[in-house]
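As stored in coords_33.txt (compact mmCIF, C-alpha atoms):
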# COMPACT_ATOMS: atom_id res chain seq x y z
CA MET I 1 -7.02 -16.00 17.74
CA SER I 2 -9.26 -13.67 15.74
CA ARG I 3 -12.36 -14.95 14.03
CA ILE I 4 -13.22 -11.68 12.28
CA GLY I 5 -13.15 -13.30 8.83
CA TYR I 6 -16.28 -15.32 9.61
CA LYS I 7 -18.43 -12.27 10.38
CA PRO I 8 -20.70 -11.42 7.44
CA ILE I 9 -20.71 -7.84 6.15
CA THR I 10 -24.14 -6.24 5.92
CA VAL I 11 -24.46 -3.82 3.03
CA PRO I 12 -26.49 -0.65 3.78
CA LYS I 13 -29.06 0.78 1.38
CA GLY I 14 -27.59 2.66 -1.56
CA VAL I 15 -24.33 0.67 -1.64
CA LYS I 16 -23.63 -1.73 -4.49
CA ILE I 17 -20.96 -4.44 -4.42
CA ALA I 18 -19.72 -6.26 -7.52
CA VAL I 19 -17.18 -9.09 -7.56
CA GLN I 20 -15.42 -9.82 -10.86
CA GLY I 21 -12.72 -12.45 -10.55
CA ASN I 22 -10.19 -11.11 -8.04
CA LYS I 23 -11.60 -7.56 -7.95
CA VAL I 24 -14.18 -6.21 -5.53
CA ASN I 25 -15.89 -2.95 -6.52
CA VAL I 26 -17.95 -1.01 -4.00
CA GLU I 27 -20.05 1.97 -5.06
CA GLY I 28 -22.09 4.20 -2.77
CA PRO I 29 -23.37 7.74 -2.27
CA LYS I 30 -19.92 9.12 -1.41
CA GLY I 31 -17.96 7.49 -4.25
CA LYS I 32 -16.39 4.32 -5.65
CA LEU I 33 -13.63 2.08 -4.25
CA GLU I 34 -11.88 -0.93 -5.71
CA GLN I 35 -9.82 -3.68 -4.06
CA GLU I 36 -7.94 -6.44 -5.80
CA LEU I 37 -7.49 -9.73 -3.96
CA ALA I 38 -3.82 -10.65 -4.17
CA THR I 39 -4.44 -14.35 -3.60
CA ASN I 40 -6.75 -17.18 -4.64
CA LEU I 41 -6.90 -18.50 -1.08
CA VAL I 42 -9.85 -16.21 -0.29
CA THR I 43 -13.16 -15.93 -2.16
CA VAL I 44 -15.81 -13.24 -1.83
CA SER I 45 -19.52 -13.93 -2.37
CA VAL I 46 -22.45 -11.49 -2.34
CA LYS I 47 -25.99 -12.64 -1.61
CA ASP I 48 -29.00 -10.48 -0.62
CA ASP I 49 -27.06 -7.49 0.80
CA ILE I 50 -24.72 -9.76 2.77
CA VAL I 51 -21.07 -10.27 1.83
CA ASN I 52 -19.22 -13.38 2.97
CA VAL I 53 -15.48 -13.98 2.74
CA ASP I 54 -14.49 -17.64 2.63
CA ARG I 55 -11.06 -19.26 2.80
CA ALA I 56 -9.68 -22.28 0.99
CA ASN I 57 -7.88 -24.01 3.89
CA ASP I 58 -6.84 -23.59 7.53
CA GLU I 59 -3.20 -22.64 7.06
CA LYS I 60 -1.85 -19.70 9.03
CA GLN I 61 -1.29 -17.43 5.99
CA THR I 62 -4.77 -18.21 4.64
CA LYS I 63 -6.33 -17.32 7.98
CA ALA I 64 -4.44 -14.01 7.94
CA PHE I 65 -5.71 -13.19 4.43
CA HIS I 66 -9.24 -14.19 5.49
CA GLY I 67 -9.45 -11.58 8.25
CA LEU I 68 -7.51 -8.97 6.25
CA TYR I 69 -9.73 -9.00 3.17
CA ARG I 70 -12.91 -9.14 5.25
CA LYS I 71 -11.86 -6.00 7.10
CA LEU I 72 -10.70 -4.23 3.91
CA ILE I 73 -14.09 -4.87 2.26
CA ASP I 74 -15.90 -3.74 5.41
CA ASN I 75 -13.85 -0.52 5.43
CA MET I 76 -14.77 0.07 1.79
CA VAL I 77 -18.49 -0.35 2.56
CA VAL I 78 -18.29 2.04 5.53
CA GLY I 79 -16.21 4.52 3.50
CA VAL I 80 -18.61 4.85 0.57
CA SER I 81 -21.63 5.10 2.88
CA GLU I 82 -20.37 7.22 5.82
CA GLY I 83 -16.73 8.17 5.17
CA PHE I 84 -13.80 8.43 7.57
CA LYS I 85 -12.41 11.36 9.58
CA LYS I 86 -9.23 12.07 11.52
CA ALA I 87 -8.86 15.23 13.57
CA LEU I 88 -5.49 16.76 14.44
CA VAL I 89 -4.87 19.54 16.94
CA VAL I 90 -2.16 22.15 16.34
CA ASN I 91 -0.79 23.34 19.68
CA GLY I 92 1.85 26.02 20.16
CA VAL I 93 2.35 29.77 20.19
CA GLY I 94 2.27 31.02 16.60
CA TYR I 95 1.43 27.58 15.22
CA LYS I 96 -1.41 27.65 12.71
CA ALA I 97 -2.85 25.84 9.72
CA GLU I 98 -4.79 26.99 6.66
CA VAL I 99 -5.94 25.55 3.35
CA GLN I 100 -4.95 27.41 0.17
CA GLY I 101 -6.47 25.60 -2.82
CA PRO I 102 -4.82 22.17 -3.17
CA LEU I 103 -2.26 22.95 -0.45
CA LEU I 104 -2.24 22.80 3.33
CA VAL I 105 -0.05 25.58 4.71
CA LEU I 106 1.35 25.02 8.21
CA SER I 107 3.25 27.51 10.36
CA LEU I 108 5.06 25.29 12.85
CA GLY I 109 7.85 27.40 14.27
CA TYR I 110 10.29 26.67 11.46
CA SER I 111 12.03 29.48 9.56
CA SER I 112 9.50 29.14 6.73
CA ASP I 113 6.01 27.74 6.32
CA VAL I 114 5.49 24.08 5.41
CA TYR I 115 3.40 23.40 2.28
CA VAL I 116 1.73 20.00 1.98
CA GLY I 117 -0.14 18.88 -1.14
CA ILE I 118 -3.58 17.44 -0.43
CA PRO I 119 -4.00 14.07 -2.21
CA GLN I 120 -6.86 13.31 -4.59
CA GLY I 121 -9.91 11.95 -2.76
CA ILE I 122 -9.05 13.66 0.55
CA SER I 123 -10.65 16.84 1.88
CA VAL I 124 -9.10 18.98 4.60
CA ALA I 125 -11.02 21.46 6.74
CA ILE I 126 -9.71 23.86 9.38
CA GLU I 127 -11.89 24.35 12.45
CA GLY I 128 -11.57 26.69 15.37
CA ASN I 129 -8.96 29.41 15.40
CA ASN I 130 -6.58 27.67 12.93
CA GLN I 131 -5.98 25.06 15.62
CA LYS I 132 -7.87 21.94 14.41
CA ILE I 133 -7.29 20.10 11.13
CA VAL I 134 -9.99 17.63 10.01
CA VAL I 135 -8.91 15.16 7.32
CA SER I 136 -11.80 13.26 5.72
CA GLY I 137 -12.36 10.92 2.80
CA ILE I 138 -13.79 7.56 1.75
CA ASP I 139 -10.55 5.55 1.79
CA ARG I 140 -9.54 4.74 5.37
CA HIS I 141 -5.95 4.00 4.43
CA LEU I 142 -5.46 7.33 2.63
CA VAL I 143 -7.07 9.33 5.43
CA GLY I 144 -4.89 7.71 8.10
CA LYS I 145 -1.71 7.97 6.02
CA PHE I 146 -2.21 11.66 5.22
CA ALA I 147 -3.05 12.45 8.87
CA SER I 148 0.12 10.68 10.01
CA GLU I 149 2.18 12.63 7.43
CA ILE I 150 0.82 15.90 8.82
CA ARG I 151 1.55 14.79 12.40
CA SER I 152 5.11 13.80 11.50
CA LEU I 153 5.92 17.39 10.44
CA ARG I 154 6.04 18.49 14.10
CA LYS I 155 5.43 15.72 16.61
CA PRO I 156 4.26 16.84 20.05
CA GLU I 157 7.11 17.38 22.47
CA PRO I 158 6.76 16.11 26.06
CA TYR I 159 7.63 19.29 28.00
CA LYS I 160 5.10 21.88 26.81
CA GLY I 161 3.03 19.72 24.45
CA LYS I 162 3.78 21.89 21.42
CA GLY I 163 3.29 20.28 18.03
CA ILE I 164 0.62 18.43 16.09
CA ARG I 165 -1.25 15.60 17.78
CA TYR I 166 -4.35 13.54 17.09
CA GLU I 167 -7.48 14.81 18.84
CA THR I 168 -7.86 11.57 20.80
CA GLU I 169 -4.15 11.36 21.69
CA THR I 170 -2.94 12.33 25.15
CA ILE I 171 0.59 13.58 25.69
CA ARG I 172 2.33 12.53 28.89
CA LYS I 173 4.13 15.64 29.97
CA LYS I 174 7.52 15.48 31.64
CA VAL I 175 8.75 17.68 34.43
CA GLY I 176 11.55 19.95 33.31
CA LYS I 177 14.81 20.66 35.13
CA THR I 178 13.21 23.30 37.36
CA GLY I 179 10.56 20.87 38.60
CA VAL I 180 13.13 18.69 40.38
CA LYS I 181 13.98 21.20 43.17
Starting from the file, lay out its structure as structure tokens.
Amino acid sequence: MSRIGYKPITVPKGVKIAVQGNKVNVEGPKGKLEQELATNLVTVSVKDDIVNVDRANDEKQTKAFHGLYRKLIDNMVVGVSEGFKKALVVNGVGYKAEVQGPLLVLSLGYSSDVYVGIPQGISVAIEGNNQKIVVSGIDRHLVGKFASEIRSLRKPEPYKGKGIRYETETIRKKVGKTGVK
């Protein structure tokens, strides 16, 4: 069983946390984030650059909220101080990516290019020879969601590895028909 809810969150220099009722506001050098607590079973207290999340009772649902909101607040603190990044690799002959204003243009072997709107609060950079997409921002949920949307446009296939994959992901390649001989 996880005990992550008990761990206090240390607030780095330059980050301010304010708790007003059921809302937690975090402000730092990279921006501002806000989280609303959906329940009264969990309370957040700030004291001398340390944030503690406490729970009302020991029921299963309360324990789940305890760890959830502790981690969400910790992600907000890390996001406004350091930010989050996800890197995707575009692999395939003729596959490429480029940023044109508020759009990400992907050539993925389809009959026409795929245009993806970049959400507010997310920045996209192309590194290398149009082969690496770096999605960055302060909200961990938005960064991960947008990266997964890009990956879902052309998932890596298991025979040649063509498609879009995360930089840390490894593709287990299969042997084709000719490899059986």
Would you mind listing what lies within 9 Å of stretch 77-92 of chain I as a PyMOL selection string, with all atoms listed in the file counted and same-chain residues fewer than 2 positions away left out? chain I and resi 9-17+26-33+72-75+94-97+108-109+130-140+143-144+147+150-151+156+160-168
Rank I:Arg172, I:Arg3, I:Lys145, I:Lys155 by their smallest atom-to-atom distance to I:Ala64, using only C-alpha atoms, and report the top residue only.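 Selected residue with least distance to I:Ala64: I:Arg3.
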Tell me, in Å to one decimal, how far atom CA of I:Arg70 is from atom CA of I:Pro8.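 So the two atoms, atom CA of I:Arg70 and atom CA of I:Pro8, lie 8.4 Å apart.
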Taking only C-alpha atoms into account, name the residue in I:Leu142, I:Ile171, I:Ile126, I:Val99 that is nearest to I:Val114.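 Of I:Leu142, I:Ile171, I:Ile126, I:Val99, the one nearest I:Val114 is I:Val99, counting only C-alpha atoms.
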Among the residues I:Val124, I:Leu104, I:Val93, I:Val44, the one that comes closest to I:Tyr6 [using only C-alpha atoms]: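 That would be I:Val44, the residue with the smallest distance to I:Tyr6.
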In Å, rounded to a single decimal, give me how far atom CA of I:Lys71 is from atom CA of I:Ser152.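 Distance reported for this atom pair: 26.4 Å.
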Closest to I:Ser123 among I:Arg154, I:Ser111, I:Leu41, I:Pro102, using all atoms listed in the file?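 Using all atoms listed in the file, the shortest distance to I:Ser123 belongs to I:Pro102.
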Rounded to one decimal in Å, what is the spacing between atom CA of I:Gln20 and atom CA of I:Ile4?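 Computed distance, atom CA of I:Gln20 to atom CA of I:Ile4, equals 23.3 Å.
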Distance criterion (only C-alpha atoms): nearest to I:His141 out of I:Ser112, I:Gly121, I:Pro158, I:Asp48: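 Under the stated criterion, the closest residue is I:Gly121.
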Please, what is the axis-aligned box for every listed atom of stretch 7-14 of chain I with 3 Å on each side, as centre and edge lengths in Å to one decimal, as JSON?
{"center_x": -23.7, "center_y": -4.8, "center_z": 4.4, "size_x": 16.6, "size_y": 20.9, "size_z": 17.9}
Distance criterion (all atoms listed in the file): nearest to I:Thr62 out of I:Tyr115, I:Gly21, I:Gly5, I:Leu106: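 Among the listed residues, the smallest separation from I:Thr62 belongs to I:Gly5.
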Excluding I:Val19 and its own-chain neighbours fewer than 2 positions away, which residues fall within 10 Å of it when counting all atoms listed in the file? Please give them as an NGL selection string. :I and (17 or 21-26 or 34-36 or 43-46)
Take the residues from that selection and put them in a file with C-alpha atoms, as a PDB file, in the coordinates of the input.
ATOM      1  CA  ILE I  17     -20.960  -4.440  -4.420  1.00  0.00           C
ATOM      2  CA  GLY I  21     -12.720 -12.450 -10.550  1.00  0.00           C
ATOM      3  CA  ASN I  22     -10.190 -11.110  -8.040  1.00  0.00           C
ATOM      4  CA  LYS I  23     -11.600  -7.560  -7.950  1.00  0.00           C
ATOM      5  CA  VAL I  24     -14.180  -6.210  -5.530  1.00  0.00           C
ATOM      6  CA  ASN I  25     -15.890  -2.950  -6.520  1.00  0.00           C
ATOM      7  CA  VAL I  26     -17.950  -1.010  -4.000  1.00  0.00           C
ATOM      8  CA  GLU I  34     -11.880  -0.930  -5.710  1.00  0.00           C
ATOM      9  CA  GLN I  35      -9.820  -3.680  -4.060  1.00  0.00           C
ATOM     10  CA  GLU I  36      -7.940  -6.440  -5.800  1.00  0.00           C
ATOM     11  CA  THR I  43     -13.160 -15.930  -2.160  1.00  0.00           C
ATOM     12  CA  VAL I  44     -15.810 -13.240  -1.830  1.00  0.00           C
ATOM     13  CA  SER I  45     -19.520 -13.930  -2.370  1.00  0.00           C
ATOM     14  CA  VAL I  46     -22.450 -11.490  -2.340  1.00  0.00           C
TER      15      VAL I  46
END
Would you mind writing stretch 87-117 of chain I with N, CA and C atoms, as an mmCIF file, in the frame of the given file?
data_model
loop_
_atom_site.group_PDB
_atom_site.id
_atom_site.type_symbol
_atom_site.label_atom_id
_atom_site.label_comp_id
_atom_site.auth_asym_id
_atom_site.auth_seq_id
_atom_site.Cartn_x
_atom_site.Cartn_y
_atom_site.Cartn_z
ATOM 1 N N ALA I 87 -9.034 13.846 13.126
ATOM 2 C CA ALA I 87 -8.860 15.230 13.570
ATOM 3 C C ALA I 87 -7.498 15.375 14.224
ATOM 4 N N LEU I 88 -6.806 16.456 13.866
ATOM 5 C CA LEU I 88 -5.490 16.760 14.440
ATOM 6 C C LEU I 88 -5.579 18.134 15.095
ATOM 7 N N VAL I 89 -4.883 18.277 16.209
ATOM 8 C CA VAL I 89 -4.870 19.540 16.940
ATOM 9 C C VAL I 89 -3.473 20.144 16.832
ATOM 10 N N VAL I 90 -3.421 21.422 16.432
ATOM 11 C CA VAL I 90 -2.160 22.150 16.340
ATOM 12 C C VAL I 90 -2.022 22.958 17.616
ATOM 13 N N ASN I 91 -0.958 22.698 18.383
ATOM 14 C CA ASN I 91 -0.790 23.340 19.680
ATOM 15 C C ASN I 91 0.576 24.008 19.746
ATOM 16 N N GLY I 92 0.589 25.295 20.028
ATOM 17 C CA GLY I 92 1.850 26.020 20.160
ATOM 18 C C GLY I 92 1.634 27.498 19.844
ATOM 19 N N VAL I 93 2.454 28.332 20.426
ATOM 20 C CA VAL I 93 2.350 29.770 20.190
ATOM 21 C C VAL I 93 2.802 30.069 18.763
ATOM 22 N N GLY I 94 1.939 30.696 17.983
ATOM 23 C CA GLY I 94 2.270 31.020 16.600
ATOM 24 C C GLY I 94 2.064 29.890 15.629
ATOM 25 N N TYR I 95 1.691 28.711 16.103
ATOM 26 C CA TYR I 95 1.430 27.580 15.220
ATOM 27 C C TYR I 95 0.032 27.741 14.638
ATOM 28 N N LYS I 96 -0.092 27.560 13.327
ATOM 29 C CA LYS I 96 -1.410 27.650 12.710
ATOM 30 C C LYS I 96 -1.437 26.848 11.421
ATOM 31 N N ALA I 97 -2.648 26.595 10.945
ATOM 32 C CA ALA I 97 -2.850 25.840 9.720
ATOM 33 C C ALA I 97 -3.918 26.516 8.888
ATOM 34 N N GLU I 98 -3.762 26.471 7.556
ATOM 35 C CA GLU I 98 -4.790 26.990 6.660
ATOM 36 C C GLU I 98 -4.721 26.252 5.338
ATOM 37 N N VAL I 99 -5.855 26.212 4.654
ATOM 38 C CA VAL I 99 -5.940 25.550 3.350
ATOM 39 C C VAL I 99 -5.943 26.626 2.282
ATOM 40 N N GLN I 100 -5.022 26.492 1.312
ATOM 41 C CA GLN I 100 -4.950 27.410 0.170
ATOM 42 C C GLN I 100 -5.044 26.582 -1.097
ATOM 43 N N GLY I 101 -6.264 26.417 -1.615
ATOM 44 C CA GLY I 101 -6.470 25.600 -2.820
ATOM 45 C C GLY I 101 -6.103 24.149 -2.555
ATOM 46 N N PRO I 102 -5.202 23.575 -3.369
ATOM 47 C CA PRO I 102 -4.820 22.170 -3.170
ATOM 48 C C PRO I 102 -3.689 21.987 -2.164
ATOM 49 N N LEU I 103 -3.362 23.018 -1.399
ATOM 50 C CA LEU I 103 -2.260 22.950 -0.450
ATOM 51 C C LEU I 103 -2.721 23.200 0.976
ATOM 52 N N LEU I 104 -2.064 22.535 1.907
ATOM 53 C CA LEU I 104 -2.240 22.800 3.330
ATOM 54 C C LEU I 104 -0.996 23.537 3.780
ATOM 55 N N VAL I 105 -1.177 24.754 4.297
ATOM 56 C CA VAL I 105 -0.050 25.580 4.710
ATOM 57 C C VAL I 105 0.011 25.561 6.239
ATOM 58 N N LEU I 106 1.168 25.141 6.762
ATOM 59 C CA LEU I 106 1.350 25.020 8.210
ATOM 60 C C LEU I 106 2.477 25.913 8.674
ATOM 61 N N SER I 107 2.205 26.728 9.685
ATOM 62 C CA SER I 107 3.250 27.510 10.360
ATOM 63 C C SER I 107 3.550 26.782 11.659
ATOM 64 N N LEU I 108 4.745 26.174 11.729
ATOM 65 C CA LEU I 108 5.060 25.290 12.850
ATOM 66 C C LEU I 108 6.319 25.687 13.597
ATOM 67 N N GLY I 109 6.680 26.955 13.540
ATOM 68 C CA GLY I 109 7.850 27.400 14.270
ATOM 69 C C GLY I 109 9.153 27.232 13.511
ATOM 70 N N TYR I 110 9.093 26.755 12.271
ATOM 71 C CA TYR I 110 10.290 26.670 11.460
ATOM 72 C C TYR I 110 10.556 28.036 10.814
ATOM 73 N N SER I 111 11.692 28.194 10.163
ATOM 74 C CA SER I 111 12.030 29.480 9.560
ATOM 75 C C SER I 111 11.093 29.843 8.416
ATOM 76 N N SER I 112 10.476 28.859 7.776
ATOM 77 C CA SER I 112 9.500 29.140 6.730
ATOM 78 C C SER I 112 8.304 28.204 6.888
ATOM 79 N N ASP I 113 7.213 28.552 6.239
ATOM 80 C CA ASP I 113 6.010 27.740 6.320
ATOM 81 C C ASP I 113 6.218 26.405 5.613
ATOM 82 N N VAL I 114 5.439 25.401 6.028
ATOM 83 C CA VAL I 114 5.490 24.080 5.410
ATOM 84 C C VAL I 114 4.259 23.940 4.529
ATOM 85 N N TYR I 115 4.480 23.589 3.241
ATOM 86 C CA TYR I 115 3.400 23.400 2.280
ATOM 87 C C TYR I 115 3.233 21.908 2.021
ATOM 88 N N VAL I 116 2.011 21.409 2.191
ATOM 89 C CA VAL I 116 1.730 20.000 1.980
ATOM 90 C C VAL I 116 0.619 19.888 0.941
ATOM 91 N N GLY I 117 0.876 19.105 -0.120
ATOM 92 C CA GLY I 117 -0.140 18.880 -1.140
ATOM 93 C C GLY I 117 -1.209 17.926 -0.634
#
